[in-house]
$ cat protein12.pdb   # PDB, C-alpha atoms
ATOM      1  CA  MET D 213       0.000   0.000   0.000  1.00  0.00           C
ATOM      2  CA  LYS D 214       1.271   3.447  -0.968  1.00  0.00           C
ATOM      3  CA  VAL D 215       0.184   6.421   1.144  1.00  0.00           C
ATOM      4  CA  ALA D 216       0.928  10.119   0.586  1.00  0.00           C
ATOM      5  CA  ILE D 217       0.476  12.524   3.494  1.00  0.00           C
ATOM      6  CA  PHE D 218       0.566  16.289   3.027  1.00  0.00           C
ATOM      7  CA  GLY D 219       1.286  18.227   6.191  1.00  0.00           C
ATOM      8  CA  ALA D 220       2.976  15.124   7.563  1.00  0.00           C
ATOM      9  CA  THR D 221       4.569  16.827  10.563  1.00  0.00           C
ATOM     10  CA  SER D 222       1.260  17.771  12.209  1.00  0.00           C
ATOM     11  CA  ALA D 223       0.414  15.759  15.309  1.00  0.00           C
ATOM     12  CA  ILE D 224      -2.737  14.283  13.762  1.00  0.00           C
ATOM     13  CA  ALA D 225      -0.973  13.368  10.523  1.00  0.00           C
ATOM     14  CA  GLN D 226       1.832  11.678  12.457  1.00  0.00           C
ATOM     15  CA  ALA D 227      -0.668   9.586  14.413  1.00  0.00           C
ATOM     16  CA  THR D 228      -2.398   8.514  11.203  1.00  0.00           C
ATOM     17  CA  ALA D 229       0.914   7.724   9.526  1.00  0.00           C
ATOM     18  CA  ALA D 230       1.878   5.522  12.475  1.00  0.00           C
ATOM     19  CA  CYS D 231      -1.178   3.341  11.787  1.00  0.00           C
ATOM     20  CA  TYR D 232      -0.058   2.816   8.203  1.00  0.00           C
ATOM     21  CA  ALA D 233       3.544   2.203   9.234  1.00  0.00           C
ATOM     22  CA  GLU D 234       2.348  -0.666  11.401  1.00  0.00           C
ATOM     23  CA  ARG D 235       0.874  -2.175   8.219  1.00  0.00           C
ATOM     24  CA  HIS D 236       4.274  -1.822   6.503  1.00  0.00           C
ATOM     25  CA  ALA D 237       2.934   0.689   3.995  1.00  0.00           C
ATOM     26  CA  GLU D 238       5.051   2.833   1.687  1.00  0.00           C
ATOM     27  CA  LEU D 239       4.831   6.417   2.941  1.00  0.00           C
ATOM     28  CA  PHE D 240       5.439   9.629   1.043  1.00  0.00           C
ATOM     29  CA  LEU D 241       5.646  12.477   3.544  1.00  0.00           C
ATOM     30  CA  ILE D 242       5.346  16.083   2.422  1.00  0.00           C
ATOM     31  CA  ALA D 243       5.872  19.037   4.760  1.00  0.00           C
ATOM     32  CA  ARG D 244       7.643  22.389   4.989  1.00  0.00           C
ATOM     33  CA  ASP D 245      10.026  21.856   7.934  1.00  0.00           C
ATOM     34  CA  ALA D 246      12.884  19.589   6.827  1.00  0.00           C
ATOM     35  CA  SER D 247      14.204  18.793  10.314  1.00  0.00           C
ATOM     36  CA  LYS D 248      10.783  17.882  11.711  1.00  0.00           C
ATOM     37  CA  LEU D 249      10.028  15.844   8.612  1.00  0.00           C
ATOM     38  CA  SER D 250      13.252  13.891   9.006  1.00  0.00           C
ATOM     39  CA  ALA D 251      12.406  13.093  12.623  1.00  0.00           C
ATOM     40  CA  VAL D 252       8.899  11.921  11.711  1.00  0.00           C
ATOM     41  CA  ALA D 253      10.266   9.756   8.901  1.00  0.00           C
ATOM     42  CA  ALA D 254      12.811   8.120  11.199  1.00  0.00           C
ATOM     43  CA  ASP D 255      10.090   7.270  13.707  1.00  0.00           C
ATOM     44  CA  LEU D 256       7.878   5.719  11.036  1.00  0.00           C
ATOM     45  CA  ARG D 257      10.719   3.560   9.751  1.00  0.00           C
ATOM     46  CA  VAL D 258      11.166   2.179  13.250  1.00  0.00           C
ATOM     47  CA  ARG D 259       7.418   1.524  13.432  1.00  0.00           C
ATOM     48  CA  GLY D 260       7.573  -0.734  10.387  1.00  0.00           C
ATOM     49  CA  ALA D 261       7.011   1.312   7.247  1.00  0.00           C
ATOM     50  CA  SER D 262       8.421  -0.556   4.257  1.00  0.00           C
ATOM     51  CA  ARG D 263       9.552   2.697   2.631  1.00  0.00           C
ATOM     52  CA  VAL D 264       9.547   6.346   3.674  1.00  0.00           C
ATOM     53  CA  GLU D 265      10.175   9.179   1.253  1.00  0.00           C
ATOM     54  CA  GLU D 266      10.563  12.760   2.450  1.00  0.00           C
ATOM     55  CA  ILE D 267       9.569  15.732   0.280  1.00  0.00           C
ATOM     56  CA  VAL D 268      10.151  19.243   1.603  1.00  0.00           C
ATOM     57  CA  ALA D 269       7.709  21.789   0.182  1.00  0.00           C
ATOM     58  CA  ASP D 270       5.695  24.861   1.069  1.00  0.00           C
ATOM     59  CA  LEU D 271       2.177  23.607   0.421  1.00  0.00           C
ATOM     60  CA  ALA D 272       0.826  27.145   0.208  1.00  0.00           C
ATOM     61  CA  ASP D 273       2.649  27.416  -3.132  1.00  0.00           C
ATOM     62  CA  VAL D 274       0.011  25.975  -5.455  1.00  0.00           C
ATOM     63  CA  THR D 275       2.308  26.357  -8.472  1.00  0.00           C
ATOM     64  CA  ARG D 276       4.333  23.391  -7.183  1.00  0.00           C
ATOM     65  CA  HIS D 277       1.421  21.062  -6.589  1.00  0.00           C
ATOM     66  CA  ARG D 278       1.531  19.328  -9.957  1.00  0.00           C
ATOM     67  CA  LEU D 279       5.217  18.569  -9.436  1.00  0.00           C
ATOM     68  CA  LEU D 280       4.481  17.151  -5.980  1.00  0.00           C
ATOM     69  CA  VAL D 281       1.757  14.915  -7.380  1.00  0.00           C
ATOM     70  CA  ALA D 282       4.173  13.675 -10.039  1.00  0.00           C
ATOM     71  CA  ALA D 283       6.796  12.975  -7.348  1.00  0.00           C
ATOM     72  CA  VAL D 284       4.307  10.804  -5.454  1.00  0.00           C
ATOM     73  CA  GLY D 285       3.402   8.920  -8.635  1.00  0.00           C
ATOM     74  CA  PRO D 286       0.173   7.619 -10.163  1.00  0.00           C
ATOM     75  CA  ASP D 287       0.076   4.361  -8.197  1.00  0.00           C
ATOM     76  CA  VAL D 288      -0.865   5.952  -4.868  1.00  0.00           C
ATOM     77  CA  ASP D 289      -3.585   4.190  -2.868  1.00  0.00           C
ATOM     78  CA  VAL D 290      -4.343   6.783  -0.175  1.00  0.00           C
ATOM     79  CA  VAL D 291      -3.821  10.536  -0.170  1.00  0.00           C
ATOM     80  CA  LEU D 292      -4.275  12.417   3.111  1.00  0.00           C
ATOM     81  CA  ILE D 293      -4.329  16.216   2.948  1.00  0.00           C
ATOM     82  CA  ALA D 294      -3.686  17.339   6.509  1.00  0.00           C
ATOM     83  CA  HIS D 295      -1.886  20.677   6.324  1.00  0.00           C
ATOM     84  CA  GLY D 296      -3.277  23.955   7.614  1.00  0.00           C
ATOM     85  CA  SER D 297      -3.066  26.557  10.347  1.00  0.00           C
ATOM     86  CA  LEU D 298      -5.340  28.051  12.977  1.00  0.00           C
ATOM     87  CA  PRO D 299      -5.080  31.836  12.676  1.00  0.00           C
ATOM     88  CA  ASP D 300      -5.706  34.215  15.551  1.00  0.00           C
ATOM     89  CA  GLN D 301      -9.073  35.628  14.494  1.00  0.00           C
ATOM     90  CA  ARG D 302      -8.778  38.822  16.522  1.00  0.00           C
ATOM     91  CA  ALA D 303      -5.252  39.488  15.297  1.00  0.00           C
ATOM     92  CA  ILE D 304      -6.131  39.297  11.588  1.00  0.00           C
ATOM     93  CA  GLU D 305      -9.526  41.017  11.614  1.00  0.00           C
ATOM     94  CA  SER D 306      -8.069  44.400  10.696  1.00  0.00           C
ATOM     95  CA  ASP D 307      -5.778  42.915   8.042  1.00  0.00           C
ATOM     96  CA  PRO D 308      -7.628  41.705   4.910  1.00  0.00           C
ATOM     97  CA  ALA D 309      -4.379  40.440   3.374  1.00  0.00           C
ATOM     98  CA  ALA D 310      -3.742  38.213   6.390  1.00  0.00           C
ATOM     99  CA  GLN D 311      -7.287  36.866   6.141  1.00  0.00           C
ATOM    100  CA  ILE D 312      -6.780  35.988   2.477  1.00  0.00           C
ATOM    101  CA  GLU D 313      -3.443  34.351   3.289  1.00  0.00           C
ATOM    102  CA  ALA D 314      -5.086  32.214   5.983  1.00  0.00           C
ATOM    103  CA  PHE D 315      -7.966  31.289   3.676  1.00  0.00           C
ATOM    104  CA  ASN D 316      -5.610  30.365   0.852  1.00  0.00           C
ATOM    105  CA  LEU D 317      -3.553  28.054   3.054  1.00  0.00           C
ATOM    106  CA  ASN D 318      -6.558  26.372   4.667  1.00  0.00           C
ATOM    107  CA  ALA D 319      -8.810  26.168   1.592  1.00  0.00           C
ATOM    108  CA  THR D 320      -7.279  27.124  -1.758  1.00  0.00           C
ATOM    109  CA  SER D 321      -4.116  25.035  -1.374  1.00  0.00           C
ATOM    110  CA  VAL D 322      -6.144  22.065  -0.119  1.00  0.00           C
ATOM    111  CA  ILE D 323      -8.547  22.282  -3.051  1.00  0.00           C
ATOM    112  CA  SER D 324      -5.617  22.585  -5.462  1.00  0.00           C
ATOM    113  CA  LEU D 325      -4.051  19.348  -4.208  1.00  0.00           C
ATOM    114  CA  ALA D 326      -7.415  17.585  -4.143  1.00  0.00           C
ATOM    115  CA  ALA D 327      -8.070  18.625  -7.739  1.00  0.00           C
ATOM    116  CA  GLU D 328      -4.691  17.321  -8.910  1.00  0.00           C
ATOM    117  CA  PHE D 329      -5.079  13.975  -7.166  1.00  0.00           C
ATOM    118  CA  ALA D 330      -8.699  13.621  -8.292  1.00  0.00           C
ATOM    119  CA  ASN D 331      -7.445  13.384 -11.862  1.00  0.00           C
ATOM    120  CA  VAL D 332      -4.850  10.789 -10.868  1.00  0.00           C
ATOM    121  CA  LEU D 333      -7.224   8.609  -8.848  1.00  0.00           C
ATOM    122  CA  GLU D 334     -10.038   8.853 -11.379  1.00  0.00           C
ATOM    123  CA  ALA D 335      -7.719   7.783 -14.204  1.00  0.00           C
ATOM    124  CA  ARG D 336      -6.417   4.905 -12.115  1.00  0.00           C
ATOM    125  CA  GLY D 337      -9.891   3.770 -11.130  1.00  0.00           C
ATOM    126  CA  ARG D 338      -8.952   3.163  -7.513  1.00  0.00           C
ATOM    127  CA  GLY D 339      -7.619   4.890  -4.416  1.00  0.00           C
ATOM    128  CA  THR D 340      -9.022   7.153  -1.719  1.00  0.00           C
ATOM    129  CA  LEU D 341      -8.616  10.854  -1.059  1.00  0.00           C
ATOM    130  CA  ALA D 342      -8.924  11.929   2.587  1.00  0.00           C
ATOM    131  CA  VAL D 343      -9.090  15.567   3.659  1.00  0.00           C
ATOM    132  CA  ILE D 344      -9.021  16.998   7.166  1.00  0.00           C
ATOM    133  CA  GLY D 345     -11.741  19.605   7.556  1.00  0.00           C
ATOM    134  CA  SER D 346     -13.194  20.784  10.869  1.00  0.00           C
ATOM    135  CA  VAL D 347     -16.418  21.201  12.786  1.00  0.00           C
ATOM    136  CA  ALA D 348     -15.609  24.915  12.477  1.00  0.00           C
ATOM    137  CA  GLY D 349     -16.843  24.692   8.903  1.00  0.00           C
ATOM    138  CA  ASP D 350     -20.363  23.740   9.966  1.00  0.00           C
ATOM    139  CA  ARG D 351     -21.354  27.196  11.203  1.00  0.00           C
ATOM    140  CA  GLY D 352     -19.728  30.597  10.944  1.00  0.00           C
ATOM    141  CA  ARG D 353     -18.862  31.888  14.415  1.00  0.00           C
ATOM    142  CA  ARG D 354     -17.421  35.130  15.744  1.00  0.00           C
ATOM    143  CA  SER D 355     -14.355  33.463  17.230  1.00  0.00           C
ATOM    144  CA  ASN D 356     -13.016  31.786  14.077  1.00  0.00           C
ATOM    145  CA  TYR D 357     -14.983  32.731  10.972  1.00  0.00           C
ATOM    146  CA  VAL D 358     -11.924  33.034   8.692  1.00  0.00           C
ATOM    147  CA  TYR D 359     -10.775  29.525   9.548  1.00  0.00           C
ATOM    148  CA  GLY D 360     -14.369  28.282   9.555  1.00  0.00           C
ATOM    149  CA  SER D 361     -15.102  29.704   6.115  1.00  0.00           C
ATOM    150  CA  ALA D 362     -12.081  27.887   4.704  1.00  0.00           C
ATOM    151  CA  LYS D 363     -13.249  24.602   6.200  1.00  0.00           C
ATOM    152  CA  ALA D 364     -16.781  25.209   4.890  1.00  0.00           C
ATOM    153  CA  ALA D 365     -15.344  25.616   1.396  1.00  0.00           C
ATOM    154  CA  ILE D 366     -13.497  22.325   1.742  1.00  0.00           C
ATOM    155  CA  HIS D 367     -16.695  20.574   2.848  1.00  0.00           C
ATOM    156  CA  ALA D 368     -18.618  21.811  -0.184  1.00  0.00           C
ATOM    157  CA  TYR D 369     -15.778  20.896  -2.524  1.00  0.00           C
ATOM    158  CA  CYS D 370     -15.456  17.375  -1.116  1.00  0.00           C
ATOM    159  CA  ASP D 371     -19.216  16.832  -1.366  1.00  0.00           C
ATOM    160  CA  GLY D 372     -19.053  17.508  -5.098  1.00  0.00           C
ATOM    161  CA  LEU D 373     -15.774  15.691  -5.704  1.00  0.00           C
ATOM    162  CA  ARG D 374     -17.186  12.548  -4.110  1.00  0.00           C
ATOM    163  CA  GLY D 375     -19.188  12.048  -7.302  1.00  0.00           C
ATOM    164  CA  ARG D 376     -15.914  11.319  -9.122  1.00  0.00           C
ATOM    165  CA  ILE D 377     -13.714   9.487  -6.618  1.00  0.00           C
ATOM    166  CA  PRO D 378     -13.932   8.100  -3.071  1.00  0.00           C
ATOM    167  CA  VAL D 379     -13.471  11.051  -0.700  1.00  0.00           C
ATOM    168  CA  VAL D 380     -13.326  10.893   3.091  1.00  0.00           C
ATOM    169  CA  LEU D 381     -13.851  14.222   4.864  1.00  0.00           C
ATOM    170  CA  ILE D 382     -12.673  14.201   8.461  1.00  0.00           C
ATOM    171  CA  LYS D 383     -14.167  16.802  10.802  1.00  0.00           C
ATOM    172  CA  PRO D 384     -12.325  16.863  14.119  1.00  0.00           C
ATOM    173  CA  GLY D 385     -13.509  18.865  17.070  1.00  0.00           C
ATOM    174  CA  TRP D 386     -10.994  20.162  19.601  1.00  0.00           C
ATOM    175  CA  VAL D 387      -7.750  18.187  19.520  1.00  0.00           C
ATOM    176  CA  ASP D 388      -4.842  18.606  21.918  1.00  0.00           C
ATOM    177  CA  THR D 389      -2.030  19.505  19.502  1.00  0.00           C
ATOM    178  CA  PRO D 390       0.596  22.260  19.194  1.00  0.00           C
ATOM    179  CA  MET D 391      -1.869  24.168  16.975  1.00  0.00           C
ATOM    180  CA  THR D 392      -4.306  24.475  19.901  1.00  0.00           C
ATOM    181  CA  ALA D 393      -1.649  25.038  22.566  1.00  0.00           C
ATOM    182  CA  ALA D 394      -2.973  28.518  23.371  1.00  0.00           C
ATOM    183  CA  MET D 395      -6.516  27.271  23.955  1.00  0.00           C
ATOM    184  CA  LYS D 396      -7.777  26.424  27.431  1.00  0.00           C
ATOM    185  CA  LYS D 397      -8.333  22.669  27.577  1.00  0.00           C
ATOM    186  CA  ASN D 398     -11.612  21.068  28.623  1.00  0.00           C
ATOM    187  CA  PRO D 399     -13.071  17.515  28.693  1.00  0.00           C
ATOM    188  CA  LEU D 400     -14.134  17.777  25.028  1.00  0.00           C
ATOM    189  CA  PHE D 401     -10.517  17.813  23.840  1.00  0.00           C
ATOM    190  CA  ALA D 402      -9.333  14.574  22.227  1.00  0.00           C
ATOM    191  CA  SER D 403      -5.782  13.320  21.850  1.00  0.00           C
ATOM    192  CA  ALA D 404      -4.037  13.443  18.486  1.00  0.00           C
ATOM    193  CA  ARG D 405      -3.403   9.719  18.781  1.00  0.00           C
ATOM    194  CA  SER D 406      -7.105   8.836  19.083  1.00  0.00           C
ATOM    195  CA  VAL D 407      -8.045  11.149  16.217  1.00  0.00           C
ATOM    196  CA  GLY D 408      -5.274   9.714  14.050  1.00  0.00           C
ATOM    197  CA  ARG D 409      -6.587   6.212  14.659  1.00  0.00           C
ATOM    198  CA  GLY D 410     -10.090   7.423  13.848  1.00  0.00           C
ATOM    199  CA  ILE D 411      -8.876   8.867  10.550  1.00  0.00           C
ATOM    200  CA  TYR D 412      -7.175   5.600   9.655  1.00  0.00           C
ATOM    201  CA  ASP D 413     -10.348   3.645  10.401  1.00  0.00           C
ATOM    202  CA  ALA D 414     -12.499   6.086   8.404  1.00  0.00           C
ATOM    203  CA  ILE D 415     -10.228   5.787   5.367  1.00  0.00           C
ATOM    204  CA  GLU D 416     -10.180   2.011   5.556  1.00  0.00           C
ATOM    205  CA  GLN D 417     -13.984   1.952   5.776  1.00  0.00           C
ATOM    206  CA  ARG D 418     -14.323   4.675   3.108  1.00  0.00           C
ATOM    207  CA  LYS D 419     -16.721   6.719   5.158  1.00  0.00           C
ATOM    208  CA  GLY D 420     -18.006   9.862   3.468  1.00  0.00           C
ATOM    209  CA  VAL D 421     -17.933  12.285   6.389  1.00  0.00           C
ATOM    210  CA  VAL D 422     -16.708  11.408   9.852  1.00  0.00           C
ATOM    211  CA  TYR D 423     -16.730  13.529  13.013  1.00  0.00           C
ATOM    212  CA  LEU D 424     -13.954  12.846  15.522  1.00  0.00           C
ATOM    213  CA  PRO D 425     -14.647  12.112  18.275  1.00  0.00           C
ATOM    214  CA  TRP D 426     -18.118  10.918  17.270  1.00  0.00           C
ATOM    215  CA  PHE D 427     -20.041  13.179  19.665  1.00  0.00           C
ATOM    216  CA  TRP D 428     -19.060  16.277  17.670  1.00  0.00           C
ATOM    217  CA  ARG D 429     -21.622  15.309  15.052  1.00  0.00           C
ATOM    218  CA  TRP D 430     -24.378  16.013  17.585  1.00  0.00           C
ATOM    219  CA  ILE D 431     -22.724  19.099  19.059  1.00  0.00           C
ATOM    220  CA  SER D 432     -22.358  20.501  15.572  1.00  0.00           C
ATOM    221  CA  LEU D 433     -25.975  19.690  14.757  1.00  0.00           C
ATOM    222  CA  ILE D 434     -27.149  21.689  17.782  1.00  0.00           C
ATOM    223  CA  VAL D 435     -24.905  24.643  16.880  1.00  0.00           C
ATOM    224  CA  ARG D 436     -26.249  24.670  13.307  1.00  0.00           C
ATOM    225  CA  MET D 437     -29.819  24.782  14.619  1.00  0.00           C
ATOM    226  CA  LEU D 438     -29.256  27.795  16.876  1.00  0.00           C
ATOM    227  CA  PRO D 439     -30.779  31.110  15.727  1.00  0.00           C
ATOM    228  CA  ALA D 440     -28.173  33.432  14.202  1.00  0.00           C
ATOM    229  CA  LYS D 441     -28.588  35.982  17.014  1.00  0.00           C
ATOM    230  CA  TRP D 442     -27.476  33.341  19.524  1.00  0.00           C
ATOM    231  CA  VAL D 443     -24.279  32.438  17.692  1.00  0.00           C
ATOM    232  CA  ARG D 444     -22.011  35.079  19.173  1.00  0.00           C
ATOM    233  CA  PHE D 445     -19.241  32.826  20.439  1.00  0.00           C
TER     234      PHE D 445
END

$ encode --input "protein12.pdb" --output "structure tokens"
Amino acid sequence: MKVAIFGATSAIAQATAACYAERHAELFLIARDASKLSAVAADLRVRGASRVEEIVADLADVTRHRLLVAAVGPDVDVVLIAHGSLPDQRAIESDPAAQIEAFNLNATSVISLAAEFANVLEARGRGTLAVIGSVAGDRGRRSNYVYGSAKAAIHAYCDGLRGRIPVVLIKPGWVDTPMTAAMKKNPLFASARSVGRGIYDAIEQRKGVVYLPWFWRWISLIVRMLPAKWVRF
């Protein structure tokens, strides 16, 4: 099995990759930080991966995406797009350029990669594309509407793309990772390890949309049903 993971140095991506390493999969890891990527690759080799390739790239640069897809090759079985960032909503509200930059990283670059791999997987007639979205994309909220709008765009795109190829959209809730380090933790936070395992299971079962942990599906449903004047958080 050949698996490509974009944003491979994120905590969730690492946990998912570990599941595939235990199955002795071939792993193509793509991320921006060369030193972190090397450390992740070394760990996955120890865990049993039959092959680990490291590709250093800035995934925000959509002009390089076709070259990255070619480097992975047409025989890929699973593609996981896991890169992104959580911007400080308050800090970027007065800076439209920063908002566009955040949206482009979290939505445009993801859609670009998905579009490139859709052509590859459709031509091959097999394989699964998995994309990490977020419950933040289910309802625009005051505290993170730039990030949420990007994730909403990904959700809509994946819904349509699923008519061409198998697409798994993963919608995590709060996860205890370096990206959420500044957030106050509460009992709803899940570990990156449990979410990574959930992503692996969802891909293997080819689920369409999966909320992780499962209870976020119902929390999100309630939030979507709230009157707009109540959604001030």

$ axis_aligned_box --input "protein12.pdb" --around "region 436-442 of chain D" --padding-each-side "3 Å" --output "lines of an AutoDock Vina configuration file"
center_x = -28.5
center_y = 30.3
center_z = 16.4
size_x = 10.5
size_y = 17.3
size_z = 12.2

$ closest_residue --input "protein12.pdb" --among "D:Leu433, D:Leu249, D:Leu400, D:Leu256" --to "Ala269 (chain D)" --atoms "all atoms listed in the file"
D:Leu249

$ resolve_selection --input "protein12.pdb" --expression "the PyMOL selection byres ((chain D and resi 245) around 10)" --output "PyMOL selection string"
chain D and resi 219-221+242-244+246-250+267-270

$ write_last_selection --input "protein12.pdb" --atoms "C-alpha atoms" --output "PDB file, in the frame of the given file"
ATOM      1  CA  GLY D 219       1.286  18.227   6.191  1.00  0.00           C
ATOM      2  CA  ALA D 220       2.976  15.124   7.563  1.00  0.00           C
ATOM      3  CA  THR D 221       4.569  16.827  10.563  1.00  0.00           C
ATOM      4  CA  ILE D 242       5.346  16.083   2.422  1.00  0.00           C
ATOM      5  CA  ALA D 243       5.872  19.037   4.760  1.00  0.00           C
ATOM      6  CA  ARG D 244       7.643  22.389   4.989  1.00  0.00           C
ATOM      7  CA  ALA D 246      12.884  19.589   6.827  1.00  0.00           C
ATOM      8  CA  SER D 247      14.204  18.793  10.314  1.00  0.00           C
ATOM      9  CA  LYS D 248      10.783  17.882  11.711  1.00  0.00           C
ATOM     10  CA  LEU D 249      10.028  15.844   8.612  1.00  0.00           C
ATOM     11  CA  SER D 250      13.252  13.891   9.006  1.00  0.00           C
ATOM     12  CA  ILE D 267       9.569  15.732   0.280  1.00  0.00           C
ATOM     13  CA  VAL D 268      10.151  19.243   1.603  1.00  0.00           C
ATOM     14  CA  ALA D 269       7.709  21.789   0.182  1.00  0.00           C
ATOM     15  CA  ASP D 270       5.695  24.861   1.069  1.00  0.00           C
TER      16      ASP D 270
END

$ residues_near_point --input "protein12.pdb" --point "(-13.6, 20.7, 14.0)" --cutoff "7 Å" --atoms "all atoms listed in the file" --output "list in words"
Gly345, Ser346, Val347, Ala348, Lys383, Pro384, Gly385 and Trp386 of chain D

$ closest_residue --input "protein12.pdb" --among "D:Asn331, D:Gly339, D:Ala404, D:Ala309" --to "Lys214 (chain D)" --atoms "all atoms listed in the file"
D:Gly339

$ residues_around --input "protein12.pdb" --residues "Ala342 (chain D)" --least-positions-apart "6" --cutoff "6 Å" --atoms "all atoms listed in the file" --output "number ranges by chain"
D: 291-292, 379-381

$ write_last_selection --input "protein12.pdb" --atoms "C-alpha atoms" --output "tab-separated table (two decimals), in the coordinates of the input"
chain	number	residue	atom	x	y	z
D	291	VAL	CA	-3.82	10.54	-0.17
D	292	LEU	CA	-4.28	12.42	3.11
D	379	VAL	CA	-13.47	11.05	-0.70
D	380	VAL	CA	-13.33	10.89	3.09
D	381	LEU	CA	-13.85	14.22	4.86

$ atom_distance --input "protein12.pdb" --atom1 "CA of Val343 (chain D)" --atom2 "CA of Ser406 (chain D)"
16.9 Å

$ atom_distance --input "protein12.pdb" --atom1 "CA of Glu238 (chain D)" --atom2 "CA of Leu333 (chain D)"
17.2 Å

$ resolve_selection --input "protein12.pdb" --expression "the PyMOL selection byres ((chain D and resi 351) around 8)" --output "PDB file with C-alpha atoms, keeping the file's coordinate frame"
ATOM      1  CA  VAL D 347     -16.418  21.201  12.786  1.00  0.00           C
ATOM      2  CA  ALA D 348     -15.609  24.915  12.477  1.00  0.00           C
ATOM      3  CA  GLY D 349     -16.843  24.692   8.903  1.00  0.00           C
ATOM      4  CA  ASP D 350     -20.363  23.740   9.966  1.00  0.00           C
ATOM      5  CA  GLY D 352     -19.728  30.597  10.944  1.00  0.00           C
ATOM      6  CA  ARG D 353     -18.862  31.888  14.415  1.00  0.00           C
ATOM      7  CA  GLY D 360     -14.369  28.282   9.555  1.00  0.00           C
ATOM      8  CA  VAL D 435     -24.905  24.643  16.880  1.00  0.00           C
ATOM      9  CA  ARG D 436     -26.249  24.670  13.307  1.00  0.00           C
TER      10      ARG D 436
END

$ resolve_selection --input "protein12.pdb" --expression "the PyMOL selection byres ((chain D and resi 374) around 12)" --output "list in words"
Ala326, Ala327, Ala330, Leu333, Glu334, Thr340, Leu341, Ala342, Val343, Ile366, His367, Ala368, Tyr369, Cys370, Asp371, Gly372, Leu373, Gly375, Arg376, Ile377, Pro378, Val379, Val380, Leu381, Arg418, Lys419, Gly420 and Val421 of chain D

$ residues_near_point --input "protein12.pdb" --point "(0.8, 2.5, 6.9)" --cutoff "10 Å" --atoms "all atoms listed in the file" --output "list in words"
Met213, Lys214, Val215, Ala216, Thr228, Ala229, Ala230, Cys231, Tyr232, Ala233, Glu234, Arg235, His236, Ala237, Glu238, Leu239, Leu256, Arg259, Gly260, Ala261, Ser262, Arg263, Val290 and Tyr412 of chain D

$ atom_distance --input "protein12.pdb" --atom1 "CA of Ala314 (chain D)" --atom2 "CA of Gly296 (chain D)"
8.6 Å

$ closest_residue --input "protein12.pdb" --among "D:Ala364, D:Ala225, D:Lys397, D:Asp300" --to "Gly410 (chain D)" --atoms "all atoms listed in the file"
D:Ala225

$ closest_residue --input "protein12.pdb" --among "D:Thr389, D:Gln311, D:Gln301, D:Ser321" --to "Arg405 (chain D)" --atoms "all atoms listed in the file"
D:Thr389

$ closest_residue --input "protein12.pdb" --among "D:Ile411, D:Leu280, D:Met437, D:Val252" --to "Ile344 (chain D)" --atoms "all atoms listed in the file"
D:Ile411

$ closest_residue --input "protein12.pdb" --among "D:Val284, D:Ala335, D:Glu266, D:Asp289" --to "Glu416 (chain D)" --atoms "all atoms listed in the file"
D:Asp289

$ build_atoms --input "protein12.pdb" --residues "region 243-255 of chain D" --atoms "N, CA and C atoms" --output "mmCIF file, in the frame of the given file"
data_model
loop_
_atom_site.group_PDB
_atom_site.id
_atom_site.type_symbol
_atom_site.label_atom_id
_atom_site.label_comp_id
_atom_site.auth_asym_id
_atom_site.auth_seq_id
_atom_site.Cartn_x
_atom_site.Cartn_y
_atom_site.Cartn_z
ATOM 1 N N ALA D 243 6.032 17.985 3.756
ATOM 2 C CA ALA D 243 5.872 19.037 4.760
ATOM 3 C C ALA D 243 6.918 20.111 4.525
ATOM 4 N N ARG D 244 6.772 21.225 5.214
ATOM 5 C CA ARG D 244 7.643 22.389 4.989
ATOM 6 C C ARG D 244 8.926 22.342 5.792
ATOM 7 N N ASP D 245 8.874 21.828 7.028
ATOM 8 C CA ASP D 245 10.026 21.856 7.934
ATOM 9 C C ASP D 245 10.859 20.587 7.746
ATOM 10 N N ALA D 246 12.044 20.740 7.157
ATOM 11 C CA ALA D 246 12.884 19.589 6.827
ATOM 12 C C ALA D 246 13.330 18.802 8.058
ATOM 13 N N SER D 247 13.705 19.500 9.127
ATOM 14 C CA SER D 247 14.204 18.793 10.314
ATOM 15 C C SER D 247 13.097 18.008 11.000
ATOM 16 N N LYS D 248 11.915 18.597 11.116
ATOM 17 C CA LYS D 248 10.783 17.882 11.711
ATOM 18 C C LYS D 248 10.385 16.699 10.839
ATOM 19 N N LEU D 249 10.404 16.911 9.538
ATOM 20 C CA LEU D 249 10.028 15.844 8.612
ATOM 21 C C LEU D 249 10.982 14.666 8.725
ATOM 22 N N SER D 250 12.251 14.955 8.861
ATOM 23 C CA SER D 250 13.252 13.891 9.006
ATOM 24 C C SER D 250 13.020 13.091 10.275
ATOM 25 N N ALA D 251 12.664 13.773 11.359
ATOM 26 C CA ALA D 251 12.406 13.093 12.623
ATOM 27 C C ALA D 251 11.171 12.206 12.534
ATOM 28 N N VAL D 252 10.127 12.707 11.888
ATOM 29 C CA VAL D 252 8.899 11.921 11.711
ATOM 30 C C VAL D 252 9.192 10.686 10.862
ATOM 31 N N ALA D 253 9.937 10.872 9.792
ATOM 32 C CA ALA D 253 10.266 9.756 8.901
ATOM 33 C C ALA D 253 11.051 8.674 9.628
ATOM 34 N N ALA D 254 12.007 9.091 10.455
ATOM 35 C CA ALA D 254 12.811 8.120 11.199
ATOM 36 C C ALA D 254 11.935 7.301 12.142
ATOM 37 N N ASP D 255 11.003 7.967 12.795
ATOM 38 C CA ASP D 255 10.090 7.270 13.707
ATOM 39 C C ASP D 255 9.231 6.249 12.964
#
